[in-house]
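Heads up: the structure comes next, in structure tokens.
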Amino acid sequence: MAKFKDDLQSQVEYYTGLPYAIAIEKEDNGKGAYYVARCIELPDLLMTGDTPAEALSELEAVKREWIEEYLKLGNKMPVPLNLRKYSGKVILRMAPSLHKQLIKMSELEGVSLNQYMVTALSRVAGSDEVSKEKEETKV
């Protein structure tokens with residue numbers, strides 16, 4: 001992704017500045033609620049706090065050190081999600097019985113299998129890609 005001197009600190013600086021995706025979730029362990037902040041692309045980099053802001057602050061406080069240790073172990077740093085290129089194509093393997101069921105469902109809806117699957121996946125992901133596509137084709 002980037003060319004570095006053999007300097008670990010240059011690599012740490014570079015990766016610390018990348019826009020890694022952060023998710024903050026509310027958890028409850030039975031003793032009370034707390035928040036977990038995590039970098040989605042960076043395995044095991046997560047911190048907790050009593051508030052979302054505290055969890056995020058704790059995460060940011062250890063991020064640099066975590067990246068440095070990760071690199072020292074010889075691990076390759078992942079590319080942030082929003083810097084990756086997405087083609088919109090997915091090759092999917094499934095059980096023949098599921099394939100048959102999906103074909104039946106798409107036929108009942110009067111749409112292609114692809115359109116049926118995009119709609120179903122959009123519902124699960126909380127996105128309405130079908131509506132967006134229809135709006136884009138009207139313009």
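Chain lettering (A, B, ...) mirrors the order of the structure tokens, residue numbering begins at 1 for each chain separately, and ligand numbering begins at 1 in order of display.
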
Spatial neighbours of stretch 27-35 of chain A, 8 Å, only C-alpha atoms, chain gap at least 5 places, as a list of chain:residue names
A:Thr48, A:Gly49, A:Asp50, A:Thr51, A:Pro52, A:Ala55

Among chain A, which residues carry a DSSP assignment of alpha helix (DSSP H), reported as a VMD selection string?
chain A and resid 8 to 16 52 to 72 96 to 109 113 to 125 129 to 138

Put those residues in a file: C-alpha atoms, as a CSV table (one decimal), in the first residue's frame.
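Ended up saving to again_27.csv:
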```csv
chain,number,residue,atom,x,y,z
A,8,LEU,CA,8.9,1.0,12.2
A,9,GLN,CA,7.9,4.5,13.5
A,10,SER,CA,7.2,5.7,10.0
A,11,GLN,CA,4.9,2.7,9.5
A,12,VAL,CA,3.2,3.3,12.8
A,13,GLU,CA,2.6,7.0,11.9
A,14,TYR,CA,1.2,6.1,8.5
A,15,TYR,CA,-1.2,3.4,9.8
A,16,THR,CA,-2.3,5.4,12.8
A,52,PRO,CA,-19.6,6.1,23.9
A,53,ALA,CA,-17.2,9.0,24.1
A,54,GLU,CA,-15.2,7.4,26.9
A,55,ALA,CA,-14.9,4.1,25.0
A,56,LEU,CA,-13.8,6.0,21.9
A,57,SER,CA,-11.3,8.0,23.8
A,58,GLU,CA,-9.8,4.8,25.4
A,59,LEU,CA,-9.6,3.2,22.0
A,60,GLU,CA,-7.8,6.2,20.5
A,61,ALA,CA,-5.4,6.2,23.5
A,62,VAL,CA,-4.1,2.7,22.8
A,63,LYS,CA,-4.5,2.6,19.0
A,64,ARG,CA,-0.9,3.7,18.2
A,65,GLU,CA,0.7,1.3,20.7
A,66,TRP,CA,-1.6,-1.6,19.4
A,67,ILE,CA,-0.5,-0.9,15.8
A,68,GLU,CA,3.1,-0.8,16.7
A,69,GLU,CA,2.9,-4.2,18.5
A,70,TYR,CA,0.9,-5.6,15.6
A,71,LEU,CA,3.6,-4.6,13.2
A,72,LYS,CA,6.4,-5.9,15.4
A,96,PRO,CA,-28.8,-26.8,-4.0
A,97,SER,CA,-31.9,-26.9,-1.9
A,98,LEU,CA,-31.5,-23.2,-0.9
A,99,HIS,CA,-30.8,-22.3,-4.5
A,100,LYS,CA,-34.0,-24.0,-5.5
A,101,GLN,CA,-36.0,-22.2,-2.8
A,102,LEU,CA,-34.6,-18.8,-3.8
A,103,ILE,CA,-35.5,-19.4,-7.4
A,104,LYS,CA,-39.1,-20.3,-6.3
A,105,MET,CA,-39.3,-17.1,-4.2
A,106,SER,CA,-37.9,-14.9,-7.0
A,107,GLU,CA,-40.4,-16.4,-9.5
A,108,LEU,CA,-43.3,-15.7,-7.0
A,109,GLU,CA,-42.1,-12.1,-6.8
A,113,LEU,CA,-32.9,-14.3,-8.7
A,114,ASN,CA,-30.2,-11.6,-8.6
A,115,GLN,CA,-32.8,-8.8,-7.8
A,116,TYR,CA,-34.5,-11.0,-5.2
A,117,MET,CA,-31.2,-11.7,-3.4
A,118,VAL,CA,-30.2,-8.0,-3.5
A,119,THR,CA,-33.5,-7.1,-2.0
A,120,ALA,CA,-33.2,-9.8,0.7
A,121,LEU,CA,-29.6,-8.8,1.6
A,122,SER,CA,-30.5,-5.1,1.6
A,123,ARG,CA,-33.3,-5.8,4.2
A,124,VAL,CA,-30.9,-7.6,6.4
A,125,ALA,CA,-28.1,-5.0,6.0
A,129,GLU,CA,-30.5,-0.7,-2.5
A,130,VAL,CA,-33.5,-1.6,-4.6
A,131,SER,CA,-35.1,1.8,-4.1
A,132,LYS,CA,-31.8,3.6,-4.7
A,133,GLU,CA,-31.3,1.7,-8.0
A,134,LYS,CA,-34.9,2.5,-9.1
A,135,GLU,CA,-34.4,6.2,-8.2
A,136,GLU,CA,-31.1,6.3,-10.1
A,137,THR,CA,-32.6,4.8,-13.2
A,138,LYS,CA,-35.4,7.4,-13.2
```

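Proximity of A:Gly126, A:Leu42, A:Arg93, A:Ile24 to A:Val79, computed with only C-alpha atoms, is greatest for A:Leu42.
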
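Minimum distance to A:Arg38 across A:Ile22, A:Met94, A:Val111, A:Leu73 (counting only C-alpha atoms) occurs at A:Ile22.
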
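Scanning stretch 24-133 of chain A with DSSP on the backbone, the strand (DSSP E) assignments fall on Ile24, Glu25, Lys26, Glu27, Asp28, Ala33, Tyr34, Tyr35, Val36, Ala37, Arg38, Cys39, Leu46, Met47, Thr48 and Gly49 of chain A.
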
Could the residues in this selection be written to a file with N, CA and C atoms, as an mmCIF file, in the first residue's frame?
```
data_model
loop_
_atom_site.group_PDB
_atom_site.id
_atom_site.type_symbol
_atom_site.label_atom_id
_atom_site.label_comp_id
_atom_site.auth_asym_id
_atom_site.auth_seq_id
_atom_site.Cartn_x
_atom_site.Cartn_y
_atom_site.Cartn_z
ATOM 1 N N ILE A 24 -19.181 1.457 17.745
ATOM 2 C CA ILE A 24 -19.404 1.553 19.187
ATOM 3 C C ILE A 24 -20.737 0.879 19.486
ATOM 4 N N GLU A 25 -20.702 -0.078 20.394
ATOM 5 C CA GLU A 25 -21.901 -0.844 20.732
ATOM 6 C C GLU A 25 -22.140 -0.821 22.230
ATOM 7 N N LYS A 26 -23.405 -0.783 22.591
ATOM 8 C CA LYS A 26 -23.782 -0.833 24.001
ATOM 9 C C LYS A 26 -23.878 -2.298 24.424
ATOM 10 N N GLU A 27 -23.276 -2.614 25.553
ATOM 11 C CA GLU A 27 -23.293 -3.975 26.086
ATOM 12 C C GLU A 27 -23.832 -3.931 27.515
ATOM 13 N N ASP A 28 -24.272 -5.079 27.988
ATOM 14 C CA ASP A 28 -24.713 -5.177 29.382
ATOM 15 C C ASP A 28 -24.297 -6.545 29.900
ATOM 16 N N ALA A 33 -24.788 -1.351 32.131
ATOM 17 C CA ALA A 33 -24.447 -1.107 30.736
ATOM 18 C C ALA A 33 -23.079 -0.429 30.631
ATOM 19 N N TYR A 34 -22.409 -0.721 29.539
ATOM 20 C CA TYR A 34 -21.144 -0.081 29.194
ATOM 21 C C TYR A 34 -21.042 -0.090 27.677
ATOM 22 N N TYR A 35 -20.040 0.588 27.139
ATOM 23 C CA TYR A 35 -19.885 0.694 25.696
ATOM 24 C C TYR A 35 -18.558 0.088 25.260
ATOM 25 N N VAL A 36 -18.587 -0.540 24.087
ATOM 26 C CA VAL A 36 -17.391 -1.133 23.506
ATOM 27 C C VAL A 36 -17.117 -0.422 22.190
ATOM 28 N N ALA A 37 -15.916 0.134 22.069
ATOM 29 C CA ALA A 37 -15.474 0.749 20.817
ATOM 30 C C ALA A 37 -14.446 -0.184 20.198
ATOM 31 N N ARG A 38 -14.583 -0.424 18.892
ATOM 32 C CA ARG A 38 -13.645 -1.312 18.212
ATOM 33 C C ARG A 38 -13.340 -0.786 16.814
ATOM 34 N N CYS A 39 -12.116 -1.048 16.364
ATOM 35 C CA CYS A 39 -11.751 -0.792 14.969
ATOM 36 C C CYS A 39 -12.141 -2.052 14.205
ATOM 37 N N LEU A 46 -9.992 -3.209 20.770
ATOM 38 C CA LEU A 46 -11.246 -2.730 21.323
ATOM 39 C C LEU A 46 -11.029 -2.258 22.739
ATOM 40 N N MET A 47 -11.842 -1.291 23.132
ATOM 41 C CA MET A 47 -11.764 -0.741 24.487
ATOM 42 C C MET A 47 -13.187 -0.466 24.962
ATOM 43 N N THR A 48 -13.341 -0.338 26.276
ATOM 44 C CA THR A 48 -14.655 -0.101 26.848
ATOM 45 C C THR A 48 -14.673 1.218 27.610
ATOM 46 N N GLY A 49 -15.907 1.690 27.864
ATOM 47 C CA GLY A 49 -16.085 2.895 28.659
ATOM 48 C C GLY A 49 -17.514 2.986 29.147
#
```

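Among the candidates A:Leu83, A:Leu45, A:Val90, A:Met77, the one nearest to A:Pro19 when counting only C-alpha atoms is A:Leu83.
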
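Note that the spacing between atom CA of A:Asn75 and atom CA of A:Pro43 amounts to 11.0 Å.
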